[in-house]
$ cat final.txt   # compact mmCIF, C-alpha atoms
# COMPACT_ATOMS: atom_id res chain seq x y z
CA MET A 1 44.96 36.71 -63.44
CA ASN A 2 41.63 35.18 -62.76
CA TYR A 3 41.21 35.84 -59.11
CA MET A 4 41.77 39.53 -59.66
CA THR A 5 38.38 39.71 -61.33
CA LEU A 6 36.71 38.63 -58.07
CA PRO A 7 35.32 41.57 -56.13
CA TYR A 8 37.73 42.74 -53.50
CA PHE A 9 36.55 42.74 -49.91
CA SER A 10 38.27 44.47 -47.08
CA ARG A 11 38.83 42.46 -43.94
CA PHE A 12 35.95 44.34 -42.32
CA ALA A 13 33.58 43.63 -45.20
CA ARG A 14 34.56 39.98 -45.12
CA THR A 15 33.83 39.77 -41.42
CA VAL A 16 30.45 41.39 -41.92
CA LEU A 17 29.69 39.06 -44.80
CA VAL A 18 30.55 35.95 -42.79
CA ALA A 19 28.48 37.23 -39.88
CA LEU A 20 25.51 37.80 -42.19
CA LEU A 21 25.86 34.32 -43.66
CA VAL A 22 25.85 32.80 -40.18
CA VAL A 23 22.80 34.82 -39.18
CA PHE A 24 20.84 33.81 -42.26
CA ALA A 25 21.94 30.19 -42.02
CA VAL A 26 20.26 29.74 -38.62
CA PRO A 27 16.65 29.72 -39.91
CA ALA A 28 17.69 26.89 -42.22
CA LEU A 29 18.18 24.76 -39.11
CA ALA A 30 14.63 25.39 -37.93
CA ILE A 31 12.48 22.27 -37.88
CA ASP A 32 9.09 23.81 -38.18
CA THR A 33 9.63 26.04 -41.21
CA GLU A 34 6.06 26.48 -42.32
CA ARG A 35 4.06 29.08 -40.51
CA ALA A 36 1.16 27.52 -38.66
CA PHE A 37 -0.96 30.67 -38.51
CA ASP A 38 -1.36 33.78 -40.64
CA ASP A 39 -2.25 35.79 -37.55
CA PRO A 40 1.10 36.83 -36.00
CA ALA A 41 -0.38 36.78 -32.48
CA LEU A 42 -1.51 33.16 -32.84
CA GLN A 43 1.80 32.23 -34.48
CA ALA A 44 3.67 33.78 -31.56
CA ARG A 45 1.58 31.77 -29.07
CA TYR A 46 2.16 28.62 -31.09
CA GLU A 47 5.91 29.16 -31.07
CA THR A 48 6.02 30.00 -27.36
CA ILE A 49 4.08 26.90 -26.34
CA GLY A 50 6.15 24.74 -28.67
CA ARG A 51 9.27 25.91 -26.85
CA GLU A 52 7.76 25.11 -23.44
CA LEU A 53 6.85 21.50 -24.13
CA ARG A 54 9.28 18.65 -23.91
CA CYS A 55 9.53 16.10 -26.66
CA LEU A 56 9.45 12.93 -24.59
CA VAL A 57 11.24 10.72 -27.10
CA CYS A 58 14.19 13.07 -27.32
CA GLN A 59 14.05 14.39 -23.81
CA ASN A 60 16.43 17.28 -24.05
CA GLN A 61 14.59 18.94 -26.87
CA THR A 62 11.37 20.89 -26.98
CA ILE A 63 8.69 19.89 -29.43
CA ALA A 64 9.62 22.98 -31.44
CA ASP A 65 13.22 21.74 -31.77
CA SER A 66 12.52 18.16 -32.65
CA ASN A 67 11.46 16.44 -35.79
CA ALA A 68 10.54 13.18 -34.07
CA THR A 69 7.12 11.93 -35.11
CA LEU A 70 5.76 12.43 -31.62
CA ALA A 71 6.93 16.07 -31.66
CA GLN A 72 5.20 16.58 -34.99
CA ASP A 73 2.01 15.08 -33.59
CA LEU A 74 2.18 17.20 -30.46
CA ARG A 75 2.74 20.33 -32.56
CA ARG A 76 -0.33 19.39 -34.55
CA GLU A 77 -2.34 19.07 -31.32
CA VAL A 78 -1.10 22.49 -30.14
CA ARG A 79 -1.93 24.04 -33.53
CA GLU A 80 -5.43 22.59 -33.51
CA MET A 81 -6.09 23.63 -29.94
CA ILE A 82 -4.99 27.21 -30.65
CA ALA A 83 -7.17 27.22 -33.76
CA ALA A 84 -10.07 25.94 -31.63
CA GLY A 85 -9.63 28.92 -29.32
CA LYS A 86 -8.15 27.08 -26.34
CA THR A 87 -6.11 29.16 -23.90
CA ASP A 88 -2.41 28.51 -23.25
CA ASP A 89 -3.27 27.13 -19.83
CA GLU A 90 -5.81 24.73 -21.29
CA ILE A 91 -3.20 23.48 -23.75
CA ARG A 92 -0.64 23.00 -20.97
CA THR A 93 -3.20 21.18 -18.84
CA PHE A 94 -4.02 18.92 -21.79
CA MET A 95 -0.36 17.95 -22.06
CA VAL A 96 0.21 17.52 -18.31
CA ASP A 97 -2.90 15.33 -17.97
CA ARG A 98 -1.42 12.96 -20.53
CA TYR A 99 2.32 13.17 -20.04
CA GLY A 100 2.74 14.51 -16.51
CA ASP A 101 4.61 17.58 -15.26
CA PHE A 102 7.77 16.36 -16.99
CA VAL A 103 6.37 17.52 -20.33
CA LEU A 104 6.70 21.14 -19.20
CA TYR A 105 10.14 22.68 -19.63
CA LYS A 106 9.07 25.44 -17.29
CA PRO A 107 7.88 23.57 -14.21
CA ARG A 108 4.65 24.54 -12.54
CA MET A 109 4.71 25.96 -9.04
CA THR A 110 3.34 22.98 -7.18
CA PRO A 111 3.95 22.65 -3.40
CA ILE A 112 6.68 20.05 -3.96
CA ASN A 113 8.39 22.40 -6.41
CA TYR A 114 8.19 25.27 -3.89
CA LEU A 115 10.13 23.05 -1.53
CA LEU A 116 12.68 22.31 -4.25
CA TRP A 117 13.16 25.99 -5.05
CA ALA A 118 13.35 26.94 -1.39
CA ALA A 119 15.79 24.15 -0.56
CA PRO A 120 19.04 26.10 -1.29
CA VAL A 121 17.93 29.01 0.90
CA LEU A 122 16.80 26.66 3.67
CA LEU A 123 20.07 24.74 3.51
CA LEU A 124 22.04 28.00 3.59
CA LEU A 125 20.10 29.14 6.68
CA LEU A 126 20.63 25.75 8.31
CA GLY A 127 24.35 25.91 7.51
CA THR A 128 24.65 29.44 8.89
CA PHE A 129 22.82 28.40 12.06
CA VAL A 130 25.05 25.36 12.58
CA GLY A 131 28.14 27.45 11.78
CA ILE A 132 27.24 30.17 14.26
CA ARG A 133 26.54 27.62 16.97
CA PHE A 134 29.85 25.92 16.26
CA ILE A 135 31.83 29.19 16.43
CA ARG A 136 30.06 30.22 19.67
CA LYS A 137 30.82 26.85 21.19
CA GLN A 138 34.47 27.12 20.16
CA ALA A 139 34.65 30.63 21.64
CA ALA A 140 33.03 29.44 24.88
CA GLN A 141 35.47 26.53 24.99
CA ALA A 142 38.38 28.90 24.45
CA ASP A 143 37.19 31.15 27.29
CA ALA A 144 36.82 28.19 29.59
CA ASP A 145 40.32 26.97 28.72
CA GLY A 146 41.76 30.19 30.07
CA PRO A 147 42.79 33.63 28.83
CA GLU A 148 45.97 32.39 27.09
CA ALA A 149 44.16 30.11 24.71
CA GLY A 150 41.66 32.82 23.85
CA GLN A 151 44.36 35.31 22.94
CA SER A 152 46.10 33.27 20.33
CA MET B 1 29.95 10.45 19.42
CA LEU B 2 27.15 12.82 18.37
CA LYS B 3 29.73 15.15 16.86
CA PHE B 4 30.65 12.61 14.16
CA GLY B 5 27.44 10.61 14.21
CA VAL B 6 25.17 13.32 12.78
CA PRO B 7 27.35 14.31 9.80
CA LEU B 8 28.08 10.65 9.12
CA ALA B 9 24.38 9.82 9.14
CA LEU B 10 23.66 12.76 6.80
CA ALA B 11 26.43 11.69 4.43
CA ALA B 12 25.12 8.11 4.44
CA LEU B 13 21.59 9.38 3.72
CA LEU B 14 22.88 11.47 0.81
CA GLY B 15 24.79 8.43 -0.41
CA VAL B 16 21.61 6.35 -0.38
CA PHE B 17 19.77 9.06 -2.38
CA LEU B 18 22.56 9.30 -4.93
CA PHE B 19 22.83 5.52 -5.21
CA VAL B 20 19.10 5.19 -5.84
CA GLY B 21 19.39 8.04 -8.34
CA LEU B 22 22.05 6.11 -10.26
CA GLN B 23 19.80 3.09 -10.58
CA ARG B 24 16.92 5.04 -12.06
CA ASP B 25 16.32 5.21 -15.77
CA PRO B 26 16.13 8.90 -16.71
CA SER B 27 14.17 8.10 -19.86
CA TYR B 28 11.36 6.58 -17.81
CA VAL B 29 8.45 8.99 -17.44
CA PRO B 30 5.83 7.92 -14.89
CA SER B 31 2.32 8.02 -16.30
CA PRO B 32 -0.12 10.46 -14.73
CA LEU B 33 -2.88 8.09 -15.87
CA ILE B 34 -2.23 5.45 -13.20
CA GLY B 35 -5.28 5.25 -10.95
CA LYS B 36 -7.34 7.41 -13.28
CA GLN B 37 -10.04 6.50 -15.75
CA ALA B 38 -8.53 5.17 -18.96
CA PRO B 39 -9.12 7.44 -21.97
CA GLN B 40 -11.97 6.26 -24.17
CA PHE B 41 -11.39 5.57 -27.82
CA LYS B 42 -13.24 4.39 -30.87
CA LEU B 43 -11.00 3.50 -33.80
CA PRO B 44 -11.32 1.37 -36.91
CA SER B 45 -10.11 -2.19 -36.59
CA LEU B 46 -6.83 -2.95 -38.35
CA GLN B 47 -8.12 -6.06 -40.06
CA ASP B 48 -11.51 -4.64 -40.99
CA PRO B 49 -11.70 -0.83 -41.04
CA SER B 50 -15.50 -0.94 -41.20
CA TYR B 51 -15.58 -2.55 -37.76
CA PRO B 52 -14.99 -0.07 -34.94
CA VAL B 53 -12.98 -0.97 -31.87
CA ASP B 54 -14.77 0.73 -28.99
CA SER B 55 -13.11 0.80 -25.57
CA GLN B 56 -16.52 1.07 -23.90
CA GLU B 57 -17.26 -2.51 -24.88
CA LEU B 58 -14.44 -3.54 -22.52
CA ALA B 59 -16.10 -1.95 -19.49
CA GLY B 60 -16.28 -4.39 -16.58
CA LYS B 61 -13.36 -6.40 -17.89
CA THR B 62 -9.71 -6.48 -16.97
CA TRP B 63 -7.76 -5.96 -20.16
CA VAL B 64 -4.40 -5.00 -21.55
CA LEU B 65 -3.62 -2.33 -24.13
CA ASN B 66 -0.41 -2.89 -26.05
CA VAL B 67 0.88 -0.01 -28.17
CA TRP B 68 3.01 -1.20 -31.09
CA GLY B 69 4.04 -0.55 -34.65
CA THR B 70 5.93 -2.44 -37.31
CA TRP B 71 8.58 0.32 -37.29
CA CYS B 72 9.36 -0.37 -33.64
CA SER B 73 12.18 -2.83 -32.94
CA GLY B 74 11.20 -3.31 -29.30
CA CYS B 75 7.79 -4.48 -30.51
CA ARG B 76 9.40 -7.16 -32.64
CA GLU B 77 11.39 -8.17 -29.58
CA GLU B 78 8.35 -8.60 -27.35
CA HIS B 79 6.07 -10.15 -29.94
CA GLU B 80 6.73 -13.81 -29.12
CA THR B 81 6.18 -13.05 -25.43
CA LEU B 82 2.83 -11.44 -26.22
CA VAL B 83 1.82 -14.45 -28.29
CA ALA B 84 2.77 -16.75 -25.38
CA ILE B 85 0.84 -14.57 -22.89
CA ALA B 86 -2.20 -14.48 -25.17
CA LYS B 87 -2.20 -18.29 -25.29
CA THR B 88 -2.72 -18.43 -21.53
CA GLY B 89 -6.01 -16.58 -22.08
CA THR B 90 -5.71 -14.65 -18.80
CA VAL B 91 -6.94 -11.30 -20.13
CA PRO B 92 -7.73 -9.97 -23.60
CA ILE B 93 -4.85 -8.02 -25.15
CA ILE B 94 -6.04 -5.13 -27.27
CA GLY B 95 -3.50 -3.84 -29.77
CA LEU B 96 -3.07 -0.20 -30.68
CA ASP B 97 -1.26 -0.01 -33.99
CA TRP B 98 0.45 3.35 -33.60
CA LYS B 99 1.37 5.50 -36.63
CA ASP B 100 1.77 2.50 -38.82
CA ASP B 101 1.12 1.30 -42.33
CA SER B 102 -1.90 -0.97 -42.02
CA GLY B 103 -0.70 -3.27 -44.82
CA ALA B 104 2.66 -3.81 -43.11
CA ALA B 105 0.91 -4.33 -39.77
CA GLN B 106 -1.38 -7.01 -41.20
CA ASP B 107 1.59 -8.79 -42.79
CA TRP B 108 3.39 -8.67 -39.46
CA LEU B 109 0.48 -10.36 -37.64
CA ARG B 110 0.10 -12.96 -40.37
CA GLN B 111 3.79 -13.84 -40.25
CA LEU B 112 4.52 -13.61 -36.53
CA GLY B 113 1.18 -14.65 -35.09
CA ASN B 114 -1.60 -12.51 -33.65
CA PRO B 115 -1.71 -12.16 -29.87
CA TYR B 116 -4.45 -9.52 -29.98
CA ALA B 117 -8.16 -9.99 -29.33
CA VAL B 118 -8.57 -7.01 -31.64
CA VAL B 119 -6.24 -4.32 -33.02
CA ALA B 120 -7.28 -0.67 -33.20
CA SER B 121 -5.61 1.33 -35.95
CA ASP B 122 -4.28 4.76 -34.93
CA PRO B 123 -2.37 6.07 -37.97
CA GLU B 124 -2.56 9.71 -36.78
CA GLY B 125 -1.48 8.89 -33.25
CA ARG B 126 -4.32 10.82 -31.61
CA VAL B 127 -5.46 8.07 -29.27
CA ALA B 128 -1.82 7.39 -28.41
CA ILE B 129 -1.47 11.03 -27.30
CA ASP B 130 -4.60 10.68 -25.12
CA TRP B 131 -2.92 7.72 -23.45
CA GLY B 132 0.34 9.66 -22.99
CA VAL B 133 2.26 7.25 -25.21
CA TYR B 134 5.76 8.44 -26.05
CA GLY B 135 7.68 5.35 -27.02
CA ALA B 136 6.43 2.00 -28.24
CA PRO B 137 6.15 -0.64 -27.01
CA GLU B 138 4.02 0.44 -24.08
CA THR B 139 1.64 -1.85 -22.27
CA PHE B 140 -1.22 -0.70 -20.03
CA LEU B 141 -3.33 -2.73 -17.63
CA ILE B 142 -6.92 -1.56 -17.25
CA GLY B 143 -9.17 -2.78 -14.46
CA PRO B 144 -12.89 -3.66 -14.55
CA ASP B 145 -13.71 -0.20 -13.17
CA GLY B 146 -12.06 1.34 -16.24
CA LYS B 147 -9.06 2.65 -14.30
CA VAL B 148 -5.47 2.33 -15.47
CA LEU B 149 -3.77 0.00 -13.00
CA PHE B 150 -0.26 -0.20 -14.43
CA LYS B 151 1.91 0.86 -17.33
CA HIS B 152 5.02 -0.86 -18.61
CA ILE B 153 7.29 1.07 -20.97
CA ALA B 154 9.71 -1.32 -22.72
CA PRO B 155 9.35 -4.67 -24.40
CA MET B 156 7.16 -7.05 -22.42
CA THR B 157 8.96 -9.97 -20.80
CA LEU B 158 7.58 -12.99 -18.99
CA GLU B 159 9.27 -11.71 -15.85
CA VAL B 160 7.47 -8.36 -16.00
CA TRP B 161 4.22 -10.13 -16.83
CA THR B 162 4.53 -12.52 -13.89
CA LYS B 163 5.80 -9.96 -11.39
CA GLU B 164 3.85 -6.84 -12.29
CA PHE B 165 0.80 -7.79 -14.32
CA LEU B 166 -0.46 -11.12 -12.97
CA PRO B 167 -0.76 -10.08 -9.29
CA ARG B 168 -2.59 -6.89 -10.31
CA ILE B 169 -4.91 -8.85 -12.61
CA GLN B 170 -5.72 -11.29 -9.80
CA ALA B 171 -6.37 -8.45 -7.36
CA ALA B 172 -8.56 -6.61 -9.89
CA ASN B 173 -10.59 -9.71 -10.70
CA ALA B 174 -11.00 -10.55 -7.03
CA GLY B 175 -12.28 -7.05 -6.33
CA ALA B 176 -14.71 -7.18 -9.24
CA ALA B 177 -16.12 -10.60 -8.44
CA PRO B 178 -19.58 -10.55 -6.83
CA ALA B 179 -19.64 -11.31 -3.12
CA GLY B 180 -19.53 -15.03 -2.44
CA GLY B 181 -18.98 -15.74 -6.10

$ encode --input "final.txt" --output "structure tokens"
Amino acid sequence: MNYMTLPYFSRFARTVLVALLVVFAVPALAIDTERAFDDPALQARYETIGRELRCLVCQNQTIADSNATLAQDLRREVREMIAAGKTDDEIRTFMVDRYGDFVLYKPRMTPINYLLWAAPVLLLLLGTFVGIRFIRKQAAQADADGPEAGQS
Amino acid sequence: MLKFGVPLALAALLGVFLFVGLQRDPSYVPSPLIGKQAPQFKLPSLQDPSYPVDSQELAGKTWVLNVWGTWCSGCREEHETLVAIAKTGTVPIIGLDWKDDSGAAQDWLRQLGNPYAVVASDPEGRVAIDWGVYGAPETFLIGPDGKVLFKHIAPMTLEVWTKEFLPRIQAANAGAAPAGG
């Protein structure tokens, strides 16, 4: 029979094979397949910055994830700025000056953002404070109402 | 009274915030350029590449920059409006033909009419990036002092023009006019 000539794989080997296929299939999904730089350090910077910048046409993607024309253009700008020796901060500033803070996936620590980050803690403290006051008030009320009410 | 009043007021306040949040368009990105000096550019003219379109020549004028492309359906939508606005002669409209085929762009203007005082050709999209353009059509208003006064992201309508652009143009021109003039 024909199928008997196919190599036999154990269940384990099959699992490993499928896993390998999945792993190697992922790079095929990458948008920016060509390396921008021969120098691995520059390439790493290029990739990191690309993952930090939002593609504004397709807002939930970074410019590294998107193949929209604007993302391609912004990648080109990043590539050229790295090649020109600009620092990461200079590149980020370039983008923020043109597109605003929204272009950064990792928001900057501006005073308004400090407030945003601190808000949960502040609200928790406020809630605790209000809660404690409420419980104390209830307890005081219970004491005032007489010993029976307090014992229940 | 106070016992229910405070939480009720807080809930109402939250409700107002959430309601406003619902009305907002999440795809709208406010431009950091508003109130700042407009980026300079010098690009070849669409109709005659040997003739440069230089933004410095517009210094002292109130003008409009409209970013468009033949590939952009919203631009087709707003085109008649732009032609109508241009006919009023209020301010010069400068076109920025963004990442476009210049042949197709010239055909478009020939067929649909040309509302632009001049069209700058930006096939690589570099000037568009300087202006923070992310989705055509986008229309900027630039004052006589070279500052960006307003930006509209979406097809231009007569309503937007009358409500947002005209009052700002009048204010800008009044401010720029010489005293007693």

$ residues_near_point --input "final.txt" --point "(9.9, 18.9, -24.8)" --cutoff "12 Å" --atoms "only C-alpha atoms" --output "PDB file with C-alpha atoms, in the coordinates of the input"
ATOM      1  CA  ILE A  49       4.080  26.900 -26.340  1.00  0.00           C
ATOM      2  CA  GLY A  50       6.150  24.740 -28.670  1.00  0.00           C
ATOM      3  CA  ARG A  51       9.270  25.910 -26.850  1.00  0.00           C
ATOM      4  CA  GLU A  52       7.760  25.110 -23.440  1.00  0.00           C
ATOM      5  CA  LEU A  53       6.850  21.500 -24.130  1.00  0.00           C
ATOM      6  CA  ARG A  54       9.280  18.650 -23.910  1.00  0.00           C
ATOM      7  CA  CYS A  55       9.530  16.100 -26.660  1.00  0.00           C
ATOM      8  CA  LEU A  56       9.450  12.930 -24.590  1.00  0.00           C
ATOM      9  CA  VAL A  57      11.240  10.720 -27.100  1.00  0.00           C
ATOM     10  CA  CYS A  58      14.190  13.070 -27.320  1.00  0.00           C
ATOM     11  CA  GLN A  59      14.050  14.390 -23.810  1.00  0.00           C
ATOM     12  CA  ASN A  60      16.430  17.280 -24.050  1.00  0.00           C
ATOM     13  CA  GLN A  61      14.590  18.940 -26.870  1.00  0.00           C
ATOM     14  CA  THR A  62      11.370  20.890 -26.980  1.00  0.00           C
ATOM     15  CA  ILE A  63       8.690  19.890 -29.430  1.00  0.00           C
ATOM     16  CA  ALA A  64       9.620  22.980 -31.440  1.00  0.00           C
ATOM     17  CA  ASP A  65      13.220  21.740 -31.770  1.00  0.00           C
ATOM     18  CA  SER A  66      12.520  18.160 -32.650  1.00  0.00           C
ATOM     19  CA  ASN A  67      11.460  16.440 -35.790  1.00  0.00           C
ATOM     20  CA  ALA A  68      10.540  13.180 -34.070  1.00  0.00           C
ATOM     21  CA  LEU A  70       5.760  12.430 -31.620  1.00  0.00           C
ATOM     22  CA  ALA A  71       6.930  16.070 -31.660  1.00  0.00           C
ATOM     23  CA  GLN A  72       5.200  16.580 -34.990  1.00  0.00           C
ATOM     24  CA  LEU A  74       2.180  17.200 -30.460  1.00  0.00           C
ATOM     25  CA  ARG A  75       2.740  20.330 -32.560  1.00  0.00           C
ATOM     26  CA  ARG A  92      -0.640  23.000 -20.970  1.00  0.00           C
ATOM     27  CA  MET A  95      -0.360  17.950 -22.060  1.00  0.00           C
ATOM     28  CA  VAL A  96       0.210  17.520 -18.310  1.00  0.00           C
ATOM     29  CA  TYR A  99       2.320  13.170 -20.040  1.00  0.00           C
ATOM     30  CA  GLY A 100       2.740  14.510 -16.510  1.00  0.00           C
ATOM     31  CA  ASP A 101       4.610  17.580 -15.260  1.00  0.00           C
ATOM     32  CA  PHE A 102       7.770  16.360 -16.990  1.00  0.00           C
ATOM     33  CA  VAL A 103       6.370  17.520 -20.330  1.00  0.00           C
ATOM     34  CA  LEU A 104       6.700  21.140 -19.200  1.00  0.00           C
ATOM     35  CA  TYR A 105      10.140  22.680 -19.630  1.00  0.00           C
ATOM     36  CA  LYS A 106       9.070  25.440 -17.290  1.00  0.00           C
ATOM     37  CA  PRO A 107       7.880  23.570 -14.210  1.00  0.00           C
TER      38      PRO A 107
ATOM     39  CA  TYR B 134       5.760   8.440 -26.050  1.00  0.00           C
TER      40      TYR B 134
END

$ interface_residues --input "final.txt" --of "chain B" --to "chain A" --cutoff "8 Å" --atoms "all atoms listed in the file" --output "count of residues only"
16

$ atom_distance --input "final.txt" --atom1 "CA of Ala128 in chain B" --atom2 "CA of Gln40 in chain B"
11.1 Å

$ residues_around --input "final.txt" --residues "Asn66 in chain B" --least-positions-apart "2" --cutoff "9 Å" --atoms "all atoms listed in the file" --output "list in words"
Val64, Trp68, Ile93, Ile94, Gly95, Leu96, Asp97, Tyr116, Ala136, Pro137, Glu138, Thr139, Phe140 and Leu141 of chain B

$ atom_distance --input "final.txt" --atom1 "CA of Pro155 in chain B" --atom2 "CA of Leu43 in chain B"
23.9 Å

$ residues_around --input "final.txt" --residues "Trp108 in chain B" --least-positions-apart "5" --cutoff "12 Å" --atoms "only C-alpha atoms" --output "list in words"
Leu46, Gln47, Trp68, Gly69, Thr70, Trp71, Cys72, Cys75, Arg76, His79, Asp97, Asp100, Asp101, Ser102, Gly103, Gly113, Asn114 and Pro115 of chain B

$ atom_distance --input "final.txt" --atom1 "CA of Ile82 in chain A" --atom2 "CA of Gln37 in chain B"
26.0 Å

$ closest_residue --input "final.txt" --among "B:Met156, B:Val20, B:Ala59, B:Ala11" --to "Gly143 in chain B" --atoms "only C-alpha atoms"
B:Ala59

$ residues_around --input "final.txt" --residues "range 157-161 of chain B" --least-positions-apart "6" --cutoff "9 Å" --atoms "only C-alpha atoms" --output "list in words"
Glu78, Thr81, Leu82, Ala84 and Ile85 of chain B

$ write_last_selection --input "final.txt" --atoms "C-alpha atoms" --output "mmCIF file, keeping the file's coordinate frame"
data_model
loop_
_atom_site.group_PDB
_atom_site.id
_atom_site.type_symbol
_atom_site.label_atom_id
_atom_site.label_comp_id
_atom_site.auth_asym_id
_atom_site.auth_seq_id
_atom_site.Cartn_x
_atom_site.Cartn_y
_atom_site.Cartn_z
ATOM 1 C CA GLU B 78 8.350 -8.600 -27.350
ATOM 2 C CA THR B 81 6.180 -13.050 -25.430
ATOM 3 C CA LEU B 82 2.830 -11.440 -26.220
ATOM 4 C CA ALA B 84 2.770 -16.750 -25.380
ATOM 5 C CA ILE B 85 0.840 -14.570 -22.890
#

$ residues_around --input "final.txt" --residues "Gly35 in chain B" --least-positions-apart "6" --cutoff "6 Å" --atoms "all atoms listed in the file" --output "list in words"
Lys147, Val148 and Leu149 of chain B

$ closest_residue --input "final.txt" --among "B:Ser45, B:Thr62, B:Thr88, B:Ser50" --to "Ala174 in chain B" --atoms "all atoms listed in the file"
B:Thr62

$ closest_residue --input "final.txt" --among "B:Ile153, B:Tyr51, B:Ile142, B:Gln170" --to "Ala120 in chain B" --atoms "all atoms listed in the file"
B:Tyr51

$ decode --input "final.txt" --residues "range 44-75 of chain A" --atoms "C-alpha atoms" --output "PDB file, in the first residue's frame"
ATOM      1  CA  ALA A  44      18.133  45.958  16.996  1.00  0.00           C
ATOM      2  CA  ARG A  45      17.567  49.694  17.601  1.00  0.00           C
ATOM      3  CA  TYR A  46      15.593  49.936  14.372  1.00  0.00           C
ATOM      4  CA  GLU A  47      13.351  47.053  15.389  1.00  0.00           C
ATOM      5  CA  THR A  48      12.846  48.367  18.924  1.00  0.00           C
ATOM      6  CA  ILE A  49      11.844  51.841  17.768  1.00  0.00           C
ATOM      7  CA  GLY A  50       9.584  50.386  15.096  1.00  0.00           C
ATOM      8  CA  ARG A  51       7.720  48.504  17.808  1.00  0.00           C
ATOM      9  CA  GLU A  52       7.322  51.653  19.924  1.00  0.00           C
ATOM     10  CA  LEU A  53       5.716  53.833  17.276  1.00  0.00           C
ATOM     11  CA  ARG A  54       2.064  53.745  16.416  1.00  0.00           C
ATOM     12  CA  CYS A  55       0.919  53.541  12.836  1.00  0.00           C
ATOM     13  CA  LEU A  56      -1.701  56.276  12.867  1.00  0.00           C
ATOM     14  CA  VAL A  57      -3.749  54.952   9.966  1.00  0.00           C
ATOM     15  CA  CYS A  58      -4.163  51.563  11.581  1.00  0.00           C
ATOM     16  CA  GLN A  59      -4.120  52.697  15.159  1.00  0.00           C
ATOM     17  CA  ASN A  60      -3.768  49.415  16.942  1.00  0.00           C
ATOM     18  CA  GLN A  61      -0.624  48.434  15.124  1.00  0.00           C
ATOM     19  CA  THR A  62       2.938  49.602  15.450  1.00  0.00           C
ATOM     20  CA  ILE A  63       4.778  50.780  12.387  1.00  0.00           C
ATOM     21  CA  ALA A  64       6.747  47.526  12.535  1.00  0.00           C
ATOM     22  CA  ASP A  65       3.509  45.512  12.288  1.00  0.00           C
ATOM     23  CA  SER A  66       1.837  47.436   9.541  1.00  0.00           C
ATOM     24  CA  ASN A  67       2.254  47.523   5.831  1.00  0.00           C
ATOM     25  CA  ALA A  68       0.253  50.711   5.354  1.00  0.00           C
ATOM     26  CA  THR A  69       2.063  53.234   3.187  1.00  0.00           C
ATOM     27  CA  LEU A  70       2.407  55.640   6.081  1.00  0.00           C
ATOM     28  CA  ALA A  71       4.036  52.903   8.193  1.00  0.00           C
ATOM     29  CA  GLN A  72       6.474  52.191   5.375  1.00  0.00           C
ATOM     30  CA  ASP A  73       7.305  55.893   5.131  1.00  0.00           C
ATOM     31  CA  LEU A  74       7.769  56.212   8.877  1.00  0.00           C
ATOM     32  CA  ARG A  75      10.035  53.141   8.898  1.00  0.00           C
TER      33      ARG A  75
END
